[in-house]
Structures are given as structure tokens and as C-alpha cells.
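Trainee: Please find one structure pasted underneath; my questions will follow.
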Amino acid sequence: MSKRRLAILGSTGSIGTQTLDVVSKHPDLFEVELLTAYSNTSLLVEQAIKFNANAVVICDEMRYKEVQAALVNHDIKVFAGTDSIESLVQGSNIDIVVTAMVGFSGLKPTLSAIKAGKIIALANKETLVVAGEMVTALAAKSGSAIIPVDSEHSAIFQCLQGERAEIEKIILTASGGPFLHKSKKDLEKVTVEEALNHPKWQMGAKVSIDSASMMNKGLELIEAYWLFKQPVEKIEIIIHPQSIIHSMVQFTDGSISAQMSTPDMRLPIQYAITYPYRIDLDTARIDFTKLGKLDFIVPDREKFRAIDIAYKSITKGGNTPCAMNAANEIAVASFLNGEIPFTYIPEIIEEVISKFHYIEKPTLDNIYETDLQARELAIKHKIKLKK
């Protein structure tokens, strides 16, 4: 395997830091060309120096001078603003772009990298949720390969390697999050701290709350729809609390392939940036004699309403998933800020989906207009609910 040159968008977040952990263990195989962060200047500077990055981008332009001053004695270029990312990811010095920016913000940089034909290690699922048709069409045109980083989609991707059989069903597994065994009534009183306390995975705040509401699985449903080109009725969600099987593919002869490992996001990250090779990784190994059992549970869709919201959104199509995603981002931020109870998250999303302006074939401008409109509607409904 020849050395691969990486751009890591969102390097100070959970996926970004774990990507750099993988890189640190194989310095002969990777070269860090570009690191970006929204506002975590101290960690960005530390990463840039440690990995001798060619360039960094601080998205918060107010912090540019701070980063520039910290790196003045190092041969590292400093840029500010997301527009800089869109330009830099197209550079000939970059082979793979790890898209780990949070939420809707990752769309334009990812599209820019795809236009340039880069390999995309996709950790920003919202890119496909809000503009899946546009993203996949552009990738087909440019020859850009999209390799999923989400553990579930990486599992499906791995299960399909070398297969020529027809897919009968994709089975997306979910841990069930921290509230699997709580009642619908209990959810009215859960705290932010409880929602962030995931039993299996260490993730950023936004993803952790999405996991608690199971909107994360709804977003993954839509992502799987675009990545694997399967009708939504062929994608099933089941809860698997042990998080050992990361997803499965059932073929038309009845056989099922599953990808299994202990819960460690570095594995799908590493697979995405080394594909089609596998290299050493210090993950904990599964001891089947001590594992005991693997459980599988049908999700409670009354308690976890986000699942049905996502199914309905992708079935309606057009800009509906974009509106759903924007409403969810506002609702999650509002819960994290202590403005609303946990159970208001699906209420806000449903209200937005019932009122936004539907467009069957949205352009990129339409996507941005929808995102803005949905956020405004979500904020209005949040204020109404608080009264």
C-alpha cells in the first residue's frame, strides 16, 4: 500500500481525533495535508504541529489570528472560513478527504472534494441525507469513490465486497442508546447528561443525542438508501444492544453476511482510508466463549418516533430529508442547551415537515433555502412549545 495523503475535515471532533490516532500508528502509510476545525484552536494547533500538516483551516474567522500566531514558527499554512476548505480539498496534494464536520456544514466541502474526484471517507452522514441524489450523481460523474465511515454502513460495505448476489434485505443494527429500557413516559424527564451517556460508543454530543432519540438510525436509513441503491422497504432496523454485529446483508438465497467486531470507531475509519487493504489495529478482540449471547429487539416506534419520521421523509423524497435534518439539528441543539425536554425533539421535526415548502427535484440553492426555512420553522415551534 503506497502512502496516502489525507485531508481531515473536523479534525478536533470525535471522528477526526480517532482518525489521527490511526494515522499515528502508521506514519509510514499516511501523510496529513489538511486539518480543519470550527473553533477548537488549541487542539487544532497541537494536531497541526504533531502531524506536520501542510495547512489548517479555522472556520471561525474571528480566531484566525490566534491560530496564525501559534503556528508562525512552523511551516504550516493557515486559512480561515469554510470557503477556504472548499478550495483546499481540491488540491493535487490530497488523495482522501475524511469528512467529519458536524451536520449540514459538511455539504459544500464534500461536494467540492467530489467534483475534484477525491476519495471520500464519509463520516458526515447529513451530506447524503440532505442531498443524496445530487451527491451520488456528482460522484458517478467525477469518478469519486465514497467509502462510508459510519460503523453500520462500513459493515454493509464490507459484507458486499466480492459479492455478485442480489440483495434481499439490508439489516441496520442499532444499540438502542441509553434509553432502550426506559418507558415513553420516562423520556419526558431525562437529562442531557443521561442522553449523552451512551452505553457502548464514545461520540460527539450531536451524534450521542441522535442515538438517544434513534434519529441517528433514521439518518443512517437515508444514508444507506443512497449508498447502496436499495429501496427503502429493503432496509430494516433492529436493535442489537451488544453492538458486536454492526450491520448485516441478507441475499436472495437466504444467506446473511454480518460484520462483527468490538465497538471501536477506529476500525471503520481505518478501513475507509486503507481500502481495499486491511492493516493492523489494536482493537479488543472478540472472545466468543465469554460473549454469552447476542440479543436482537424490534424497536419501539412509538417511543422512538424518529425512525418513522425518517422512513416517511425518504419515501416522500425531494427536499423532505433536508427539512427533517435541519429541524433535528435545531431541536438537538435546543435540548443540549436546556431549552426543551427530550420528548420535544420529534415534535419539532414533525411540525416542520408538515409546514415546509416541498420541492420534488431540489437544486443546491433549493437545499440551502430549505435548510434555512426548516430551521426558522423549528425555532418558531420551539418557542411555541416553551410557552
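Chain labels run A, B, ... following the order of the C-alpha cells; each chain numbers its residues from 1, and ligands are numbered from 1 in the order shown.
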If you run DSSP on this backbone, which residues of stretch 106-152 of chain A come out as alpha helix (DSSP H), and could you give them as a list of chain:residue names?
Mentor: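 Answer for stretch 106-152 of chain A restricted to alpha helix (DSSP H) is A:Leu107, A:Lys108, A:Pro109, A:Thr110, A:Leu111, A:Ser112, A:Ala113, A:Ile114, A:Lys115, A:Glu126, A:Thr127, A:Leu128, A:Val129, A:Val130, A:Ala131, A:Gly132, A:Glu133, A:Met134, A:Val135, A:Thr136, A:Ala137, A:Leu138, A:Ala139, A:Ala140, A:Lys141, A:Ser142, A:Ser151, A:Glu152.
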Trainee: So which residues touch stretch 343-352 of chain A within 10 Å, counting only C-alpha atoms, skipping near sequence neighbours fewer than 6 positions away, as number ranges by chain?
Mentor: A: 184-190, 209-210, 213, 215, 303-307, 309, 320, 323-335, 373-382, 385-386
Trainee: Rank nothing, just name the residue among A:Ala80, A:Glu339, A:Gly117, A:Asn124 nearest to A:Ile8, using only C-alpha atoms.
Mentor: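 Checking each of A:Ala80, A:Glu339, A:Gly117, A:Asn124 against A:Ile8, counting only C-alpha atoms, the winner is A:Asn124.
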Trainee: Can you pull out every residue within 12 Å of A:Ile85, counting only C-alpha atoms, but drop anything in the same chain fewer than 5 positions away, and send it as JSON, numbers by chain?
Mentor: {"A": [7, 8, 9, 10, 34, 35, 36, 37, 38, 55, 56, 57, 58, 59, 78, 79, 80, 90, 91, 97, 99, 101, 105, 106, 107, 108, 109, 110, 111, 112, 113]}
Trainee: Could you write out the selected residues, including C-alpha atoms, as a PDB file, in the first residue's frame?
Mentor:
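Okay, result.pdb is ready:
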ATOM      1  CA  ALA A   7      -7.457  15.978   4.444  1.00  0.00           C
ATOM      2  CA  ILE A   8      -9.378  15.620   7.708  1.00  0.00           C
ATOM      3  CA  LEU A   9     -12.368  17.956   7.885  1.00  0.00           C
ATOM      4  CA  GLY A  10     -13.391  18.327  11.508  1.00  0.00           C
ATOM      5  CA  LEU A  34      -5.063  19.456   5.708  1.00  0.00           C
ATOM      6  CA  LEU A  35      -6.766  19.756   9.097  1.00  0.00           C
ATOM      7  CA  THR A  36      -9.858  21.834   9.820  1.00  0.00           C
ATOM      8  CA  ALA A  37     -11.765  22.822  12.943  1.00  0.00           C
ATOM      9  CA  TYR A  38     -14.642  25.121  13.712  1.00  0.00           C
ATOM     10  CA  ALA A  55      -2.266  23.546   6.019  1.00  0.00           C
ATOM     11  CA  VAL A  56      -5.032  24.181   8.537  1.00  0.00           C
ATOM     12  CA  VAL A  57      -8.377  25.956   8.335  1.00  0.00           C
ATOM     13  CA  ILE A  58     -10.098  27.542  11.317  1.00  0.00           C
ATOM     14  CA  CYS A  59     -13.726  28.010  10.283  1.00  0.00           C
ATOM     15  CA  VAL A  78      -3.208  28.963   7.962  1.00  0.00           C
ATOM     16  CA  PHE A  79      -6.581  29.770   6.371  1.00  0.00           C
ATOM     17  CA  ALA A  80      -9.952  30.865   7.732  1.00  0.00           C
ATOM     18  CA  GLN A  90      -9.430  20.111  -4.480  1.00  0.00           C
ATOM     19  CA  GLY A  91      -5.624  20.353  -4.271  1.00  0.00           C
ATOM     20  CA  VAL A  97     -10.879  13.550   2.227  1.00  0.00           C
ATOM     21  CA  THR A  99     -15.492  14.359   6.001  1.00  0.00           C
ATOM     22  CA  MET A 101     -17.607  18.035  10.012  1.00  0.00           C
ATOM     23  CA  SER A 105     -21.900  22.312   7.400  1.00  0.00           C
ATOM     24  CA  GLY A 106     -20.167  19.389   5.719  1.00  0.00           C
ATOM     25  CA  LEU A 107     -22.198  19.532   2.495  1.00  0.00           C
ATOM     26  CA  LYS A 108     -20.343  22.132   0.399  1.00  0.00           C
ATOM     27  CA  PRO A 109     -16.811  20.960   1.268  1.00  0.00           C
ATOM     28  CA  THR A 110     -17.803  17.365   0.461  1.00  0.00           C
ATOM     29  CA  LEU A 111     -19.348  18.372  -2.872  1.00  0.00           C
ATOM     30  CA  SER A 112     -16.184  20.325  -3.691  1.00  0.00           C
ATOM     31  CA  ALA A 113     -13.990  17.301  -2.986  1.00  0.00           C
TER      32      ALA A 113
END
Trainee: What's around A:Leu122 at 8 Å? Count only C-alpha atoms, leave out sequence neighbours fewer than 3 positions away in its own chain, and write the answer as a PDB file with C-alpha atoms, in the first residue's frame.
Mentor:
ATOM      1  CA  VAL A  98     -12.237  12.430   5.603  1.00  0.00           C
ATOM      2  CA  THR A  99     -15.492  14.359   6.001  1.00  0.00           C
ATOM      3  CA  ALA A 100     -16.078  14.552   9.746  1.00  0.00           C
ATOM      4  CA  LYS A 125     -23.985  11.339   7.086  1.00  0.00           C
ATOM      5  CA  ILE A 146     -17.499   7.300  -1.471  1.00  0.00           C
ATOM      6  CA  ILE A 147     -16.416   4.912   1.285  1.00  0.00           C
ATOM      7  CA  PRO A 148     -18.595   5.020   4.417  1.00  0.00           C
ATOM      8  CA  VAL A 149     -17.103   5.582   7.862  1.00  0.00           C
ATOM      9  CA  ASP A 150     -20.270   5.050   9.922  1.00  0.00           C
TER      10      ASP A 150
END
